[in-house]
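Novice: I'd like to ask some things about the structure below.
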Amino acid sequence: MQNQSPAELRDVEEHLDIRFQSKQEQSEIESSSRYFETDEEIIANTNFLQPDLVASTGFLSNGVSFILQHETLFTYREADLANFGECVRKIKASGKSFTSGKKILVSLFETGVDADADIIEGIARNIVA
């Protein structure tokens, strides 16, 4: 889900019997509690960095919640993140390898790690220069 209205969020939660954490709940989570697993679901919260195109010198941290329930992955975010677009491109290029929500979740995390590494490399180049 991306940029959904409160009514849309409520409808999805009720229809699919899941509950996304509010933005406030996400921000209050300690780093040791960003991952929670039960017999029926995995809940994970993380931040994805992306360049701030308005300021052009900084970065934006965008919170994303993940719920993996019965092999179906649900995401909740308010930003259009390049990491998700890259993951979609991977799925379209090789649909057979993405047969479960778990594989998509891992791919999203891998894409995020790769993007963060690129950001760190860019910062390091600017420091050296």
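A note on labels: chains of the structure tokens are A, B, ... as shown, every chain counts residues from 1, and ligands are counted from 1 in their shown order.
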Give me, as a PyMOL selection string, all polymer residues having an atom no more than 9 Å from Phe84 (chain A), counting only C-alpha atoms and skipping those fewer than 6 positions away in the same chain.

Specialist: chain A and resi 108+111-112

Novice: Find the residues around region 93-106 of chain A up to 12 Å (only C-alpha atoms counted), leave out those fewer than 2 positions away in its own chain, and share them as a VMD selection string.

Specialist: chain A and resid 41 to 46 64 to 75 83 to 84 86 to 91 108 to 113

Novice: Can those selected residues be exported to a file as a CSV table (one decimal), in the first residue's frame so that it contains N, CA, C and O atoms?

Specialist:
chain,number,residue,atom,x,y,z
A,41,GLU,N,2.6,-15.0,11.2
A,41,GLU,CA,3.1,-13.8,10.5
A,41,GLU,C,4.4,-13.3,10.9
A,41,GLU,O,4.9,-13.6,12.0
A,42,ILE,N,5.1,-12.6,10.0
A,42,ILE,CA,6.3,-11.9,10.3
A,42,ILE,C,6.0,-10.4,10.1
A,42,ILE,O,5.4,-10.0,9.1
A,43,ILE,N,6.4,-9.6,11.1
A,43,ILE,CA,6.2,-8.2,11.0
A,43,ILE,C,7.6,-7.5,11.1
A,43,ILE,O,8.3,-7.8,12.0
A,44,ALA,N,7.9,-6.7,10.1
A,44,ALA,CA,9.2,-6.0,10.1
A,44,ALA,C,9.0,-4.6,9.7
A,44,ALA,O,8.1,-4.2,8.9
A,45,ASN,N,9.8,-3.7,10.3
A,45,ASN,CA,9.8,-2.3,10.1
A,45,ASN,C,11.2,-1.9,9.8
A,45,ASN,O,12.1,-2.2,10.5
A,46,THR,N,11.4,-1.1,8.7
A,46,THR,CA,12.7,-0.6,8.4
A,46,THR,C,12.6,0.8,7.7
A,46,THR,O,11.5,1.2,7.4
A,64,VAL,N,9.0,1.9,6.2
A,64,VAL,CA,8.2,0.9,5.5
A,64,VAL,C,7.9,-0.2,6.5
A,64,VAL,O,8.8,-0.7,7.2
A,65,SER,N,6.7,-0.6,6.5
A,65,SER,CA,6.3,-1.8,7.3
A,65,SER,C,6.0,-2.9,6.4
A,65,SER,O,5.4,-2.8,5.3
A,66,PHE,N,6.4,-4.1,6.8
A,66,PHE,CA,6.2,-5.3,6.1
A,66,PHE,C,5.4,-6.3,7.0
A,66,PHE,O,5.7,-6.5,8.2
A,67,ILE,N,4.4,-6.9,6.4
A,67,ILE,CA,3.7,-8.0,7.1
A,67,ILE,C,3.7,-9.2,6.1
A,67,ILE,O,3.2,-9.1,5.0
A,68,LEU,N,4.3,-10.3,6.5
A,68,LEU,CA,4.3,-11.5,5.7
A,68,LEU,C,3.4,-12.5,6.4
A,68,LEU,O,3.7,-13.0,7.5
A,69,GLN,N,2.3,-12.8,5.7
A,69,GLN,CA,1.3,-13.6,6.3
A,69,GLN,C,0.9,-14.7,5.3
A,69,GLN,O,0.4,-14.4,4.2
A,70,HIS,N,1.1,-15.9,5.7
A,70,HIS,CA,0.7,-17.1,4.8
A,70,HIS,C,1.3,-16.9,3.4
A,70,HIS,O,0.5,-17.0,2.4
A,71,GLU,N,2.5,-16.6,3.3
A,71,GLU,CA,3.3,-16.5,2.0
A,71,GLU,C,2.8,-15.3,1.2
A,71,GLU,O,3.2,-15.1,0.1
A,72,THR,N,2.0,-14.4,1.8
A,72,THR,CA,1.6,-13.2,1.1
A,72,THR,C,2.3,-12.0,1.8
A,72,THR,O,2.2,-11.9,3.0
A,73,LEU,N,2.9,-11.1,1.0
A,73,LEU,CA,3.6,-10.0,1.5
A,73,LEU,C,2.8,-8.7,1.4
A,73,LEU,O,2.3,-8.4,0.3
A,74,PHE,N,2.6,-8.0,2.5
A,74,PHE,CA,1.9,-6.7,2.5
A,74,PHE,C,3.0,-5.7,2.8
A,74,PHE,O,3.8,-5.9,3.8
A,75,THR,N,3.0,-4.5,2.1
A,75,THR,CA,3.9,-3.4,2.5
A,75,THR,C,3.0,-2.2,2.7
A,75,THR,O,2.0,-2.0,2.1
A,83,ASN,N,13.7,1.3,-4.6
A,83,ASN,CA,13.9,-0.1,-4.2
A,83,ASN,C,12.8,-1.0,-4.6
A,83,ASN,O,13.0,-2.1,-5.1
A,84,PHE,N,11.6,-0.5,-4.5
A,84,PHE,CA,10.4,-1.3,-4.9
A,84,PHE,C,10.3,-1.4,-6.4
A,84,PHE,O,10.0,-2.5,-6.9
A,86,GLU,N,12.9,-1.4,-8.4
A,86,GLU,CA,13.9,-2.3,-8.8
A,86,GLU,C,13.5,-3.7,-8.6
A,86,GLU,O,13.7,-4.6,-9.4
A,87,CYS,N,12.8,-4.0,-7.4
A,87,CYS,CA,12.3,-5.3,-7.1
A,87,CYS,C,11.3,-5.8,-8.2
A,87,CYS,O,11.3,-6.9,-8.6
A,88,VAL,N,10.4,-4.9,-8.6
A,88,VAL,CA,9.4,-5.2,-9.6
A,88,VAL,C,10.1,-5.6,-10.9
A,88,VAL,O,9.7,-6.5,-11.6
A,89,ARG,N,11.2,-4.8,-11.3
A,89,ARG,CA,11.9,-5.2,-12.5
A,89,ARG,C,12.5,-6.6,-12.4
A,89,ARG,O,12.5,-7.3,-13.3
A,90,LYS,N,13.1,-6.9,-11.2
A,90,LYS,CA,13.6,-8.3,-11.0
A,90,LYS,C,12.5,-9.3,-11.1
A,90,LYS,O,12.8,-10.4,-11.8
A,91,ILE,N,11.4,-9.1,-10.6
A,91,ILE,CA,10.3,-10.0,-10.7
A,91,ILE,C,9.9,-10.2,-12.1
A,91,ILE,O,9.7,-11.4,-12.6
A,108,LEU,N,13.6,-7.3,-1.6
A,108,LEU,CA,13.5,-5.9,-1.2
A,108,LEU,C,14.6,-5.5,-0.3
A,108,LEU,O,15.2,-4.4,-0.4
A,109,PHE,N,14.9,-6.4,0.7
A,109,PHE,CA,16.0,-6.1,1.6
A,109,PHE,C,17.3,-6.1,0.9
A,109,PHE,O,18.2,-5.2,1.2
A,110,GLU,N,17.5,-7.0,0.0
A,110,GLU,CA,18.8,-7.0,-0.8
A,110,GLU,C,18.9,-5.7,-1.6
A,110,GLU,O,20.0,-5.1,-1.7
A,111,THR,N,17.9,-5.3,-2.2
A,111,THR,CA,17.9,-4.1,-3.0
A,111,THR,C,18.2,-2.9,-2.1
A,111,THR,O,18.9,-2.0,-2.5
A,112,GLY,N,17.6,-2.9,-0.9
A,112,GLY,CA,17.9,-1.8,0.0
A,112,GLY,C,19.3,-1.7,0.5
A,112,GLY,O,19.9,-0.7,0.5
A,113,VAL,N,19.9,-2.9,0.7
A,113,VAL,CA,21.3,-3.0,1.1
A,113,VAL,C,22.2,-2.5,0.0
A,113,VAL,O,23.1,-1.7,0.2

Novice: Quick one: pull the distance between CA of Gln50 (chain A) and CA of Glu78 (chain A), Å, one decimal.

Specialist: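 A separation of 13.2 Å between them.
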
Novice: Taking the chain letters and numbering used in this document, name the residues of region 16-92 of chain A that DSSP puts in strand (DSSP E or B), as a short mmCIF file (atom, residue, chain, number, x, y, z; two decimals) with N, CA and C atoms, in the first residue's frame.

Specialist:
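Once written, part_16.cif looks like this:
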data_model
loop_
_atom_site.label_atom_id
_atom_site.label_comp_id
_atom_site.auth_asym_id
_atom_site.auth_seq_id
_atom_site.Cartn_x
_atom_site.Cartn_y
_atom_site.Cartn_z
N TYR A 35 11.64 -6.33 14.29
CA TYR A 35 11.29 -7.61 13.67
C TYR A 35 10.54 -8.43 14.71
N PHE A 36 9.38 -8.95 14.32
CA PHE A 36 8.58 -9.76 15.23
C PHE A 36 7.99 -10.91 14.45
N GLU A 37 8.06 -12.10 15.00
CA GLU A 37 7.60 -13.29 14.29
C GLU A 37 6.68 -14.11 15.18
N GLU A 41 2.63 -15.00 11.22
CA GLU A 41 3.09 -13.85 10.46
C GLU A 41 4.45 -13.35 10.93
N ILE A 42 5.07 -12.61 10.03
CA ILE A 42 6.30 -11.89 10.33
C ILE A 42 5.98 -10.42 10.14
N ILE A 43 6.37 -9.61 11.10
CA ILE A 43 6.19 -8.16 11.01
C ILE A 43 7.58 -7.54 11.09
N ALA A 44 7.90 -6.71 10.12
CA ALA A 44 9.19 -6.04 10.10
C ALA A 44 8.99 -4.57 9.73
N ASN A 45 9.79 -3.73 10.35
CA ASN A 45 9.77 -2.31 10.06
C ASN A 45 11.20 -1.86 9.79
N THR A 46 11.38 -1.07 8.75
CA THR A 46 12.71 -0.58 8.43
C THR A 46 12.58 0.77 7.72
N ASN A 47 13.72 1.40 7.54
CA ASN A 47 13.76 2.66 6.81
C ASN A 47 14.59 2.47 5.56
N PHE A 48 14.14 3.06 4.46
CA PHE A 48 14.89 3.05 3.21
C PHE A 48 15.36 4.48 2.95
N LEU A 49 16.63 4.62 2.63
CA LEU A 49 17.19 5.93 2.30
C LEU A 49 17.04 6.20 0.82
N GLN A 50 16.86 7.45 0.50
CA GLN A 50 16.88 7.87 -0.90
C GLN A 50 17.36 9.31 -0.94
N PRO A 51 17.99 9.70 -2.02
CA PRO A 51 18.46 11.09 -2.13
C PRO A 51 17.29 12.06 -2.04
N PHE A 59 19.55 13.35 2.33
CA PHE A 59 18.84 12.10 2.10
C PHE A 59 17.56 12.09 2.90
N LEU A 60 16.60 11.33 2.42
CA LEU A 60 15.34 11.14 3.12
C LEU A 60 15.29 9.71 3.64
N SER A 61 14.79 9.55 4.84
CA SER A 61 14.59 8.24 5.42
C SER A 61 13.10 7.95 5.40
N ASN A 62 12.71 6.89 4.71
CA ASN A 62 11.30 6.56 4.53
C ASN A 62 10.97 5.25 5.23
N GLY A 63 10.07 5.31 6.18
CA GLY A 63 9.68 4.11 6.91
C GLY A 63 8.80 3.20 6.07
N VAL A 64 9.05 1.90 6.19
CA VAL A 64 8.24 0.90 5.50
C VAL A 64 7.93 -0.21 6.49
N SER A 65 6.67 -0.61 6.52
CA SER A 65 6.25 -1.76 7.33
C SER A 65 5.97 -2.93 6.41
N PHE A 66 6.38 -4.10 6.84
CA PHE A 66 6.16 -5.33 6.09
C PHE A 66 5.39 -6.30 6.97
N ILE A 67 4.41 -6.94 6.39
CA ILE A 67 3.72 -8.05 7.06
C ILE A 67 3.73 -9.21 6.09
N LEU A 68 4.32 -10.30 6.51
CA LEU A 68 4.34 -11.52 5.71
C LEU A 68 3.41 -12.50 6.40
N GLN A 69 2.29 -12.79 5.74
CA GLN A 69 1.26 -13.63 6.34
C GLN A 69 0.86 -14.70 5.33
N THR A 72 2.00 -14.39 1.78
CA THR A 72 1.61 -13.15 1.10
C THR A 72 2.29 -11.99 1.79
N LEU A 73 2.94 -11.13 1.00
CA LEU A 73 3.64 -9.98 1.55
C LEU A 73 2.79 -8.73 1.38
N PHE A 74 2.62 -8.01 2.47
CA PHE A 74 1.94 -6.71 2.47
C PHE A 74 2.98 -5.66 2.85
N THR A 75 2.98 -4.54 2.15
CA THR A 75 3.87 -3.44 2.51
C THR A 75 3.03 -2.20 2.72
N TYR A 76 3.55 -1.34 3.58
CA TYR A 76 2.88 -0.08 3.91
C TYR A 76 3.93 1.01 3.90
N ARG A 77 3.78 1.97 2.98
CA ARG A 77 4.75 3.05 2.87
C ARG A 77 4.07 4.27 2.31
#

Novice: May I ask which of the residues A:Asp17, A:Thr57, A:Ser107, A:Ala82 is the closest one to Ile123 (chain A), counting only C-alpha atoms?

Specialist: A:Thr57

Novice: Looking only at helix (DSSP H, G or I) from DSSP on the backbone, list the matching residues of region 59-112 of chain A as number ranges by chain.

Specialist: A: 82-93, 95-97, 101-112

Novice: Out of A:Ala79, A:Ala115, A:Arg19, A:Lys92, which residue has the shortest atom-to-atom distance to Asn3 (chain A) when counting only C-alpha atoms?

Specialist: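 Counting only C-alpha atoms, the residue closest to Asn3 (chain A) is A:Ala79.
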